[in-house]
$ cat upload.tsv   # TSV, N, CA and C atoms
chain	number	residue	atom	x	y	z
A	549	MET	N	-72.10	-102.71	-33.65
A	549	MET	CA	-72.01	-101.81	-32.52
A	549	MET	C	-72.72	-100.48	-32.83
A	550	LYS	N	-72.58	-99.99	-34.07
A	550	LYS	CA	-73.23	-98.74	-34.46
A	550	LYS	C	-74.74	-98.89	-34.39
A	551	LYS	N	-75.25	-100.06	-34.78
A	551	LYS	CA	-76.69	-100.28	-34.75
A	551	LYS	C	-77.23	-100.27	-33.32
A	552	ILE	N	-76.46	-100.81	-32.39
A	552	ILE	CA	-76.88	-100.83	-31.00
A	552	ILE	C	-76.91	-99.41	-30.43
A	553	LEU	N	-75.88	-98.61	-30.73
A	553	LEU	CA	-75.84	-97.23	-30.27
A	553	LEU	C	-76.99	-96.41	-30.87
A	554	LEU	N	-77.26	-96.64	-32.15
A	554	LEU	CA	-78.36	-95.94	-32.81
A	554	LEU	C	-79.70	-96.32	-32.18
A	555	ALA	N	-79.89	-97.59	-31.92
A	555	ALA	CA	-81.14	-98.06	-31.30
A	555	ALA	C	-81.30	-97.47	-29.90
A	556	LEU	N	-80.23	-97.44	-29.12
A	556	LEU	CA	-80.28	-96.86	-27.77
A	556	LEU	C	-80.59	-95.36	-27.82
A	557	THR	N	-79.99	-94.68	-28.77
A	557	THR	CA	-80.24	-93.24	-28.92
A	557	THR	C	-81.69	-92.98	-29.26
A	558	ILE	N	-82.25	-93.75	-30.16
A	558	ILE	CA	-83.65	-93.59	-30.56
A	558	ILE	C	-84.57	-93.89	-29.38
A	559	ILE	N	-84.29	-94.94	-28.65
A	559	ILE	CA	-85.13	-95.30	-27.51
A	559	ILE	C	-85.08	-94.23	-26.43
A	560	LEU	N	-83.89	-93.75	-26.12
A	560	LEU	CA	-83.76	-92.72	-25.09
A	560	LEU	C	-84.41	-91.40	-25.52
A	561	THR	N	-84.23	-91.04	-26.76
A	561	THR	CA	-84.81	-89.80	-27.26
A	561	THR	C	-86.33	-89.88	-27.26
A	562	SER	N	-86.88	-90.98	-27.71
A	562	SER	CA	-88.33	-91.10	-27.78
A	562	SER	C	-88.97	-91.23	-26.40
A	563	SER	N	-88.23	-91.71	-25.41
A	563	SER	CA	-88.80	-91.84	-24.08
A	563	SER	C	-88.98	-90.48	-23.40
A	564	PHE	N	-88.21	-89.48	-23.81
A	564	PHE	CA	-88.33	-88.15	-23.23
A	564	PHE	C	-89.21	-87.22	-24.06
A	565	THR	N	-89.63	-87.67	-25.21
A	565	THR	CA	-90.46	-86.87	-26.09
A	565	THR	C	-91.92	-87.19	-25.83
A	566	THR	N	-92.73	-86.16	-25.66
A	566	THR	CA	-94.16	-86.38	-25.49
A	566	THR	C	-94.87	-85.97	-26.77
A	567	ILE	N	-95.81	-86.78	-27.16
A	567	ILE	CA	-96.61	-86.49	-28.34
A	567	ILE	C	-97.97	-86.02	-27.85
A	568	THR	N	-98.32	-84.81	-28.21
A	568	THR	CA	-99.60	-84.26	-27.76
A	568	THR	C	-100.61	-84.33	-28.89
A	569	ASN	N	-101.82	-84.61	-28.50
A	569	ASN	CA	-102.93	-84.62	-29.45
A	569	ASN	C	-103.88	-83.49	-29.10
A	570	ASN	N	-103.33	-82.32	-28.87
A	570	ASN	CA	-104.16	-81.18	-28.52
A	570	ASN	C	-104.95	-80.72	-29.73
A	571	LYS	N	-106.18	-80.33	-29.46
A	571	LYS	CA	-107.08	-79.91	-30.52
A	571	LYS	C	-106.75	-78.47	-30.93
A	572	VAL	N	-106.64	-78.22	-32.23
A	572	VAL	CA	-106.41	-76.89	-32.76
A	572	VAL	C	-107.70	-76.42	-33.43
A	573	GLU	N	-108.14	-75.22	-33.09
A	573	GLU	CA	-109.40	-74.69	-33.62
A	573	GLU	C	-109.20	-73.29	-34.17
A	574	GLU	N	-110.09	-72.91	-35.08
A	574	GLU	CA	-110.09	-71.54	-35.62
A	574	GLU	C	-111.50	-71.00	-35.48
A	575	ILE	N	-111.63	-69.82	-34.85
A	575	ILE	CA	-112.95	-69.23	-34.64
A	575	ILE	C	-112.89	-67.72	-34.80
A	576	GLU	N	-114.07	-67.13	-34.93
A	576	GLU	CA	-114.19	-65.68	-35.01
A	576	GLU	C	-114.48	-65.13	-33.61
A	577	VAL	N	-113.73	-64.11	-33.22
A	577	VAL	CA	-113.85	-63.56	-31.86
A	577	VAL	C	-113.81	-62.04	-31.90
A	578	THR	N	-114.21	-61.44	-30.79
A	578	THR	CA	-114.08	-60.01	-30.58
A	578	THR	C	-113.05	-59.80	-29.48
A	579	TYR	N	-112.11	-58.89	-29.71
A	579	TYR	CA	-111.06	-58.63	-28.73
A	579	TYR	C	-111.61	-57.75	-27.61
A	580	ASN	N	-111.44	-58.20	-26.35
A	580	ASN	CA	-111.93	-57.47	-25.18
A	580	ASN	C	-110.87	-56.64	-24.50
A	581	GLY	N	-109.61	-57.03	-24.62
A	581	GLY	CA	-108.54	-56.33	-23.94
A	581	GLY	C	-107.61	-57.32	-23.25
A	582	GLN	N	-106.76	-56.77	-22.38
A	582	GLN	CA	-105.78	-57.62	-21.72
A	582	GLN	C	-105.58	-57.21	-20.28
A	583	SER	N	-104.97	-58.11	-19.52
A	583	SER	CA	-104.55	-57.82	-18.16
A	583	SER	C	-103.06	-58.15	-18.09
A	584	ASP	N	-102.51	-58.11	-16.91
A	584	ASP	CA	-101.10	-58.48	-16.75
A	584	ASP	C	-100.87	-59.97	-17.04
A	585	LYS	N	-101.95	-60.76	-16.91
A	585	LYS	CA	-101.83	-62.21	-17.06
A	585	LYS	C	-102.24	-62.75	-18.41
A	586	ALA	N	-103.18	-62.10	-19.09
A	586	ALA	CA	-103.78	-62.75	-20.26
A	586	ALA	C	-104.38	-61.76	-21.25
A	587	TYR	N	-104.73	-62.30	-22.44
A	587	TYR	CA	-105.51	-61.59	-23.45
A	587	TYR	C	-106.91	-62.19	-23.42
A	588	TYR	N	-107.94	-61.36	-23.62
A	588	TYR	CA	-109.32	-61.82	-23.52
A	588	TYR	C	-110.07	-61.55	-24.82
A	589	PHE	N	-110.79	-62.57	-25.27
A	589	PHE	CA	-111.60	-62.50	-26.48
A	589	PHE	C	-112.97	-63.08	-26.17
A	590	THR	N	-114.00	-62.62	-26.91
A	590	THR	CA	-115.33	-63.20	-26.79
A	590	THR	C	-115.63	-63.99	-28.06
A	591	ASN	N	-116.01	-65.24	-27.88
A	591	ASN	CA	-116.38	-66.12	-28.99
A	591	ASN	C	-117.67	-65.59	-29.60
A	592	LYS	N	-117.68	-65.31	-30.91
A	592	LYS	CA	-118.85	-64.72	-31.58
A	592	LYS	C	-120.03	-65.68	-31.60
A	593	GLN	N	-119.78	-67.00	-31.63
A	593	GLN	CA	-120.87	-67.97	-31.70
A	593	GLN	C	-121.50	-68.23	-30.34
A	594	THR	N	-120.68	-68.39	-29.32
A	594	THR	CA	-121.20	-68.79	-28.01
A	594	THR	C	-121.37	-67.63	-27.04
A	595	GLY	N	-120.66	-66.52	-27.28
A	595	GLY	CA	-120.71	-65.38	-26.37
A	595	GLY	C	-119.84	-65.55	-25.14
A	596	LYS	N	-119.09	-66.65	-25.06
A	596	LYS	CA	-118.23	-66.91	-23.91
A	596	LYS	C	-116.90	-66.19	-24.04
A	597	VAL	N	-116.39	-65.70	-22.90
A	597	VAL	CA	-115.09	-65.04	-22.87
A	597	VAL	C	-114.00	-66.11	-22.81
A	598	MET	N	-112.97	-65.92	-23.62
A	598	MET	CA	-111.85	-66.86	-23.69
A	598	MET	C	-110.60	-66.14	-23.18
A	599	GLU	N	-109.83	-66.84	-22.36
A	599	GLU	CA	-108.62	-66.27	-21.77
A	599	GLU	C	-107.40	-66.99	-22.34
A	600	PHE	N	-106.45	-66.20	-22.87
A	600	PHE	CA	-105.23	-66.76	-23.42
A	600	PHE	C	-104.03	-66.27	-22.62
A	601	THR	N	-103.40	-67.18	-21.90
A	601	THR	CA	-102.23	-66.82	-21.09
A	601	THR	C	-100.93	-67.08	-21.84
A	602	ILE	N	-101.00	-67.92	-22.88
A	602	ILE	CA	-99.82	-68.22	-23.69
A	602	ILE	C	-100.11	-67.82	-25.12
A	603	VAL	N	-99.21	-67.02	-25.71
A	603	VAL	CA	-99.41	-66.52	-27.06
A	603	VAL	C	-98.12	-66.74	-27.85
A	604	SER	N	-98.26	-67.24	-29.07
A	604	SER	CA	-97.08	-67.48	-29.91
A	604	SER	C	-96.47	-66.16	-30.38
A	605	LYS	N	-95.20	-66.20	-30.72
A	605	LYS	CA	-94.52	-64.99	-31.24
A	605	LYS	C	-95.16	-64.53	-32.54
A	606	LYS	N	-95.60	-65.49	-33.35
A	606	LYS	CA	-96.24	-65.16	-34.63
A	606	LYS	C	-97.48	-64.30	-34.40
A	607	ALA	N	-98.31	-64.67	-33.42
A	607	ALA	CA	-99.53	-63.92	-33.15
A	607	ALA	C	-99.24	-62.56	-32.53
A	608	VAL	N	-98.32	-62.51	-31.59
A	608	VAL	CA	-97.98	-61.25	-30.91
A	608	VAL	C	-97.36	-60.24	-31.85
A	609	SER	N	-96.62	-60.71	-32.83
A	609	SER	CA	-95.91	-59.79	-33.73
A	609	SER	C	-96.84	-59.12	-34.75
A	610	LYS	N	-98.03	-59.67	-34.97
A	610	LYS	CA	-98.93	-59.12	-35.98
A	610	LYS	C	-99.64	-57.84	-35.54
A	611	TYR	N	-100.07	-57.80	-34.30
A	611	TYR	CA	-100.83	-56.65	-33.79
A	611	TYR	C	-100.31	-56.29	-32.40
A	612	ASP	N	-100.28	-55.01	-32.11
A	612	ASP	CA	-99.94	-54.55	-30.77
A	612	ASP	C	-101.24	-54.47	-29.98
A	613	LEU	N	-101.60	-55.57	-29.33
A	613	LEU	CA	-102.87	-55.64	-28.63
A	613	LEU	C	-102.91	-54.78	-27.37
A	614	ASN	N	-101.80	-54.09	-27.07
A	614	ASN	CA	-101.80	-53.12	-25.98
A	614	ASN	C	-102.57	-51.86	-26.38
A	615	GLU	N	-102.68	-51.63	-27.69
A	615	GLU	CA	-103.36	-50.44	-28.18
A	615	GLU	C	-104.88	-50.59	-28.04
A	616	LYS	N	-105.51	-49.54	-27.57
A	616	LYS	CA	-106.96	-49.54	-27.33
A	616	LYS	C	-107.76	-49.66	-28.63
A	617	LYS	N	-107.14	-49.31	-29.77
A	617	LYS	CA	-107.89	-49.31	-31.03
A	617	LYS	C	-108.35	-50.71	-31.44
A	618	TYR	N	-107.74	-51.75	-30.89
A	618	TYR	CA	-108.13	-53.12	-31.24
A	618	TYR	C	-109.27	-53.66	-30.38
A	619	VAL	N	-109.56	-53.01	-29.26
A	619	VAL	CA	-110.66	-53.45	-28.40
A	619	VAL	C	-111.96	-53.30	-29.18
A	620	GLY	N	-112.76	-54.36	-29.24
A	620	GLY	CA	-114.01	-54.36	-29.98
A	620	GLY	C	-113.88	-54.80	-31.42
A	621	LYS	N	-112.65	-54.98	-31.91
A	621	LYS	CA	-112.42	-55.43	-33.29
A	621	LYS	C	-112.64	-56.94	-33.40
A	622	THR	N	-112.98	-57.38	-34.60
A	622	THR	CA	-113.23	-58.79	-34.85
A	622	THR	C	-111.99	-59.43	-35.48
A	623	PHE	N	-111.63	-60.60	-34.97
A	623	PHE	CA	-110.47	-61.35	-35.44
A	623	PHE	C	-110.84	-62.80	-35.68
A	624	MET	N	-110.10	-63.43	-36.57
A	624	MET	CA	-110.11	-64.90	-36.70
A	624	MET	C	-108.86	-65.36	-35.96
A	625	ILE	N	-109.04	-66.25	-35.00
A	625	ILE	CA	-107.89	-66.74	-34.25
A	625	ILE	C	-107.76	-68.25	-34.40
A	626	THR	N	-106.55	-68.71	-34.38
A	626	THR	CA	-106.24	-70.13	-34.33
A	626	THR	C	-105.63	-70.38	-32.97
A	627	TYR	N	-106.17	-71.36	-32.27
A	627	TYR	CA	-105.66	-71.64	-30.93
A	627	TYR	C	-105.63	-73.13	-30.65
A	628	GLU	N	-104.84	-73.49	-29.67
A	628	GLU	CA	-104.68	-74.88	-29.27
A	628	GLU	C	-105.26	-75.05	-27.87
A	629	VAL	N	-105.99	-76.15	-27.66
A	629	VAL	CA	-106.55	-76.45	-26.36
A	629	VAL	C	-105.63	-77.46	-25.68
A	630	ASP	N	-104.99	-77.01	-24.61
A	630	ASP	CA	-104.03	-77.85	-23.88
A	630	ASP	C	-104.65	-78.20	-22.53
A	631	LYS	N	-104.80	-79.50	-22.27
A	631	LYS	CA	-105.36	-79.92	-20.98
A	631	LYS	C	-104.21	-80.12	-20.00
A	632	ILE	N	-104.27	-79.39	-18.89
A	632	ILE	CA	-103.23	-79.52	-17.88
A	632	ILE	C	-103.83	-80.11	-16.60
A	633	GLU	N	-103.02	-80.88	-15.92
A	633	GLU	CA	-103.47	-81.54	-14.70
A	633	GLU	C	-103.27	-80.60	-13.52
A	634	VAL	N	-104.30	-80.48	-12.71
A	634	VAL	CA	-104.25	-79.61	-11.54
A	634	VAL	C	-104.58	-80.47	-10.32
A	635	ILE	N	-103.78	-80.32	-9.27
A	635	ILE	CA	-104.03	-81.07	-8.04
A	635	ILE	C	-104.84	-80.18	-7.10
A	636	ASN	N	-105.95	-80.71	-6.62
A	636	ASN	CA	-106.83	-79.96	-5.73
A	636	ASN	C	-106.23	-79.98	-4.32
A	637	LYS	N	-105.78	-78.84	-3.84
A	637	LYS	CA	-105.16	-78.75	-2.52
A	637	LYS	C	-106.19	-78.56	-1.42
A	638	ASP	N	-107.44	-78.33	-1.78
A	638	ASP	CA	-108.48	-78.11	-0.79
A	638	ASP	C	-109.13	-79.41	-0.31
A	639	SER	N	-108.54	-80.52	-0.68
A	639	SER	CA	-109.07	-81.82	-0.29
A	639	SER	C	-109.00	-81.98	1.23
A	640	LYS	N	-110.07	-82.50	1.83
A	640	LYS	CA	-110.13	-82.63	3.29
A	640	LYS	C	-109.26	-83.77	3.80
A	641	ASN	N	-109.08	-84.78	3.02
A	641	ASN	CA	-108.23	-85.89	3.45
A	641	ASN	C	-106.88	-85.80	2.75
A	642	ASP	N	-106.04	-86.73	3.01
A	642	ASP	CA	-104.69	-86.69	2.44
A	642	ASP	C	-104.63	-87.09	0.96
A	643	ALA	N	-105.71	-87.64	0.46
A	643	ALA	CA	-105.73	-88.06	-0.95
A	643	ALA	C	-105.74	-86.83	-1.85
A	644	GLN	N	-104.91	-86.85	-2.85
A	644	GLN	CA	-104.85	-85.73	-3.79
A	644	GLN	C	-105.83	-85.98	-4.92
A	645	VAL	N	-106.70	-85.05	-5.13
A	645	VAL	CA	-107.68	-85.16	-6.20
A	645	VAL	C	-107.15	-84.43	-7.41
A	646	LYS	N	-107.05	-85.13	-8.52
A	646	LYS	CA	-106.53	-84.52	-9.75
A	646	LYS	C	-107.70	-84.08	-10.63
A	647	GLN	N	-107.53	-82.92	-11.20
A	647	GLN	CA	-108.52	-82.39	-12.13
A	647	GLN	C	-107.79	-81.94	-13.39
A	648	TYR	N	-108.54	-81.78	-14.47
A	648	TYR	CA	-107.95	-81.29	-15.70
A	648	TYR	C	-108.56	-79.95	-16.06
A	649	LYS	N	-107.71	-79.01	-16.38
A	649	LYS	CA	-108.14	-77.66	-16.73
A	649	LYS	C	-107.71	-77.40	-18.17
A	650	LYS	N	-108.54	-76.70	-18.91
A	650	LYS	CA	-108.19	-76.35	-20.29
A	650	LYS	C	-107.40	-75.05	-20.30
A	651	ARG	N	-106.23	-75.08	-20.94
A	651	ARG	CA	-105.43	-73.88	-21.12
A	651	ARG	C	-105.43	-73.59	-22.62
A	652	LEU	N	-105.74	-72.37	-22.99
A	652	LEU	CA	-105.83	-71.99	-24.40
A	652	LEU	C	-104.54	-71.29	-24.82
A	653	ILE	N	-103.98	-71.74	-25.92
A	653	ILE	CA	-102.73	-71.19	-26.43
A	653	ILE	C	-103.02	-70.54	-27.78
A	654	LEU	N	-102.83	-69.23	-27.87
A	654	LEU	CA	-103.09	-68.49	-29.10
A	654	LEU	C	-101.95	-68.72	-30.08
A	655	ILE	N	-102.27	-69.31	-31.23
A	655	ILE	CA	-101.26	-69.64	-32.23
A	655	ILE	C	-101.15	-68.56	-33.31
A	656	ASP	N	-102.31	-68.10	-33.81
A	656	ASP	CA	-102.31	-67.11	-34.88
A	656	ASP	C	-103.54	-66.22	-34.76
A	657	ILE	N	-103.45	-65.02	-35.30
A	657	ILE	CA	-104.54	-64.05	-35.24
A	657	ILE	C	-104.53	-63.22	-36.52
A	658	LYS	N	-105.73	-62.95	-37.05
A	658	LYS	CA	-105.83	-62.05	-38.20
A	658	LYS	C	-107.14	-61.29	-38.10
A	659	GLU	N	-107.05	-59.99	-38.34
A	659	GLU	CA	-108.23	-59.13	-38.23
A	659	GLU	C	-109.13	-59.36	-39.44
A	660	THR	N	-110.44	-59.41	-39.16
A	660	THR	CA	-111.41	-59.58	-40.25
A	660	THR	C	-111.96	-58.21	-40.60
A	661	GLU	N	-112.31	-58.04	-41.82
A	661	GLU	CA	-112.85	-56.76	-42.28
A	661	GLU	C	-114.36	-56.77	-42.10
A	662	GLN	N	-114.86	-55.70	-41.54
A	662	GLN	CA	-116.29	-55.56	-41.36
A	662	GLN	C	-116.87	-54.97	-42.64
A	663	ILE	N	-117.85	-55.63	-43.20
A	663	ILE	CA	-118.50	-55.13	-44.41
A	663	ILE	C	-119.74	-54.33	-44.00
A	664	ALA	N	-119.68	-53.05	-44.27
A	664	ALA	CA	-120.80	-52.17	-43.91
A	664	ALA	C	-121.94	-52.39	-44.89
A	665	SER	N	-123.12	-52.56	-44.35
A	665	SER	CA	-124.27	-52.75	-45.23
A	665	SER	C	-124.70	-51.40	-45.80
A	666	LYS	N	-125.00	-51.42	-47.06
A	666	LYS	CA	-125.41	-50.19	-47.75
A	666	LYS	C	-126.91	-50.21	-47.90
A	667	LYS	N	-127.58	-49.33	-47.16
A	667	LYS	CA	-129.05	-49.26	-47.24
A	667	LYS	C	-129.49	-47.86	-47.41
$ encode --input "upload.tsv" --output "structure tokens"
Amino acid sequence: MKKILLALTIILTSSFTTITNNKVEEIEVTYNGQSDKAYYFTNKQTGKVMEFTIVSKKAVSKYDLNEKKYVGKTFMITYEVDKIEVINKDSKNDAQVKQYKKRLILIDIKETEQIASKK
């Protein structure tokens, strides 16, 4: 009887658990500032602006990004790419068109030191 209860518990628990295979990346960025909704960084390699609406407590506790002194500073960030499903409500017919949008989740942040060239 104990084995049956254990098996049922494992099955029920695993059926409600989702396993995500979200990609985690680390890149060098420049901090642009923030809005009420997000933090903004520019990718040093591509020049593209990245928007982070979700930030871990670990990252937020390291720096007070509300302070203007961090704007323009270079950081190494670790972030997760989460694909979320979005339903297109502008569809002309009754069929719902599903799209996937990338949501970036800031996991960790550390400021890099700028080495001044001596000439």
$ closest_residue --input "upload.tsv" --among "A:Thr626, A:Gln582, A:Thr594, A:Gln647" --to "A:Asn614" --atoms "all atoms listed in the file"
A:Gln582
$ axis_aligned_box --input "upload.tsv" --around "stretch 603-607 of chain A" --padding-each-side "3 Å" --output "JSON"
{"center_x": -97.0, "center_y": -65.0, "center_z": -30.2, "size_x": 11.0, "size_y": 10.9, "size_z": 14.9}
$ residues_around --input "upload.tsv" --residues "A:Val608" --least-positions-apart "3" --cutoff "12 Å" --atoms "only C-alpha atoms" --output "list in words"
Tyr587, Phe600, Ile602, Val603, Ser604, Lys605, Tyr611, Asp612, Leu613, Asn614, Ile625, Ile653, Leu654, Ile655, Asp656, Ile657 and Lys658 of chain A
$ write_last_selection --input "upload.tsv" --atoms "N, CA and C atoms" --output "PDB file, in the frame of the given file"
ATOM      1  N   TYR A 587    -104.730 -62.300 -22.440  1.00  0.00           N
ATOM      2  CA  TYR A 587    -105.510 -61.590 -23.450  1.00  0.00           C
ATOM      3  C   TYR A 587    -106.910 -62.190 -23.420  1.00  0.00           C
ATOM      4  N   PHE A 600    -106.450 -66.200 -22.870  1.00  0.00           N
ATOM      5  CA  PHE A 600    -105.230 -66.760 -23.420  1.00  0.00           C
ATOM      6  C   PHE A 600    -104.030 -66.270 -22.620  1.00  0.00           C
ATOM      7  N   ILE A 602    -101.000 -67.920 -22.880  1.00  0.00           N
ATOM      8  CA  ILE A 602     -99.820 -68.220 -23.690  1.00  0.00           C
ATOM      9  C   ILE A 602    -100.110 -67.820 -25.120  1.00  0.00           C
ATOM     10  N   VAL A 603     -99.210 -67.020 -25.710  1.00  0.00           N
ATOM     11  CA  VAL A 603     -99.410 -66.520 -27.060  1.00  0.00           C
ATOM     12  C   VAL A 603     -98.120 -66.740 -27.850  1.00  0.00           C
ATOM     13  N   SER A 604     -98.260 -67.240 -29.070  1.00  0.00           N
ATOM     14  CA  SER A 604     -97.080 -67.480 -29.910  1.00  0.00           C
ATOM     15  C   SER A 604     -96.470 -66.160 -30.380  1.00  0.00           C
ATOM     16  N   LYS A 605     -95.200 -66.200 -30.720  1.00  0.00           N
ATOM     17  CA  LYS A 605     -94.520 -64.990 -31.240  1.00  0.00           C
ATOM     18  C   LYS A 605     -95.160 -64.530 -32.540  1.00  0.00           C
ATOM     19  N   TYR A 611    -100.070 -57.800 -34.300  1.00  0.00           N
ATOM     20  CA  TYR A 611    -100.830 -56.650 -33.790  1.00  0.00           C
ATOM     21  C   TYR A 611    -100.310 -56.290 -32.400  1.00  0.00           C
ATOM     22  N   ASP A 612    -100.280 -55.010 -32.110  1.00  0.00           N
ATOM     23  CA  ASP A 612     -99.940 -54.550 -30.770  1.00  0.00           C
ATOM     24  C   ASP A 612    -101.240 -54.470 -29.980  1.00  0.00           C
ATOM     25  N   LEU A 613    -101.600 -55.570 -29.330  1.00  0.00           N
ATOM     26  CA  LEU A 613    -102.870 -55.640 -28.630  1.00  0.00           C
ATOM     27  C   LEU A 613    -102.910 -54.780 -27.370  1.00  0.00           C
ATOM     28  N   ASN A 614    -101.800 -54.090 -27.070  1.00  0.00           N
ATOM     29  CA  ASN A 614    -101.800 -53.120 -25.980  1.00  0.00           C
ATOM     30  C   ASN A 614    -102.570 -51.860 -26.380  1.00  0.00           C
ATOM     31  N   ILE A 625    -109.040 -66.250 -35.000  1.00  0.00           N
ATOM     32  CA  ILE A 625    -107.890 -66.740 -34.250  1.00  0.00           C
ATOM     33  C   ILE A 625    -107.760 -68.250 -34.400  1.00  0.00           C
ATOM     34  N   ILE A 653    -103.980 -71.740 -25.920  1.00  0.00           N
ATOM     35  CA  ILE A 653    -102.730 -71.190 -26.430  1.00  0.00           C
ATOM     36  C   ILE A 653    -103.020 -70.540 -27.780  1.00  0.00           C
ATOM     37  N   LEU A 654    -102.830 -69.230 -27.870  1.00  0.00           N
ATOM     38  CA  LEU A 654    -103.090 -68.490 -29.100  1.00  0.00           C
ATOM     39  C   LEU A 654    -101.950 -68.720 -30.080  1.00  0.00           C
ATOM     40  N   ILE A 655    -102.270 -69.310 -31.230  1.00  0.00           N
ATOM     41  CA  ILE A 655    -101.260 -69.640 -32.230  1.00  0.00           C
ATOM     42  C   ILE A 655    -101.150 -68.560 -33.310  1.00  0.00           C
ATOM     43  N   ASP A 656    -102.310 -68.100 -33.810  1.00  0.00           N
ATOM     44  CA  ASP A 656    -102.310 -67.110 -34.880  1.00  0.00           C
ATOM     45  C   ASP A 656    -103.540 -66.220 -34.760  1.00  0.00           C
ATOM     46  N   ILE A 657    -103.450 -65.020 -35.300  1.00  0.00           N
ATOM     47  CA  ILE A 657    -104.540 -64.050 -35.240  1.00  0.00           C
ATOM     48  C   ILE A 657    -104.530 -63.220 -36.520  1.00  0.00           C
ATOM     49  N   LYS A 658    -105.730 -62.950 -37.050  1.00  0.00           N
ATOM     50  CA  LYS A 658    -105.830 -62.050 -38.200  1.00  0.00           C
ATOM     51  C   LYS A 658    -107.140 -61.290 -38.100  1.00  0.00           C
TER      52      LYS A 658
END
$ atom_distance --input "upload.tsv" --atom1 "atom CA of A:Val577" --atom2 "atom CA of A:Lys631"
21.4 Å
$ closest_residue --input "upload.tsv" --among "A:Lys606, A:Val629, A:Gly620, A:Lys649" --to "A:Asn580" --atoms "all atoms listed in the file"
A:Gly620
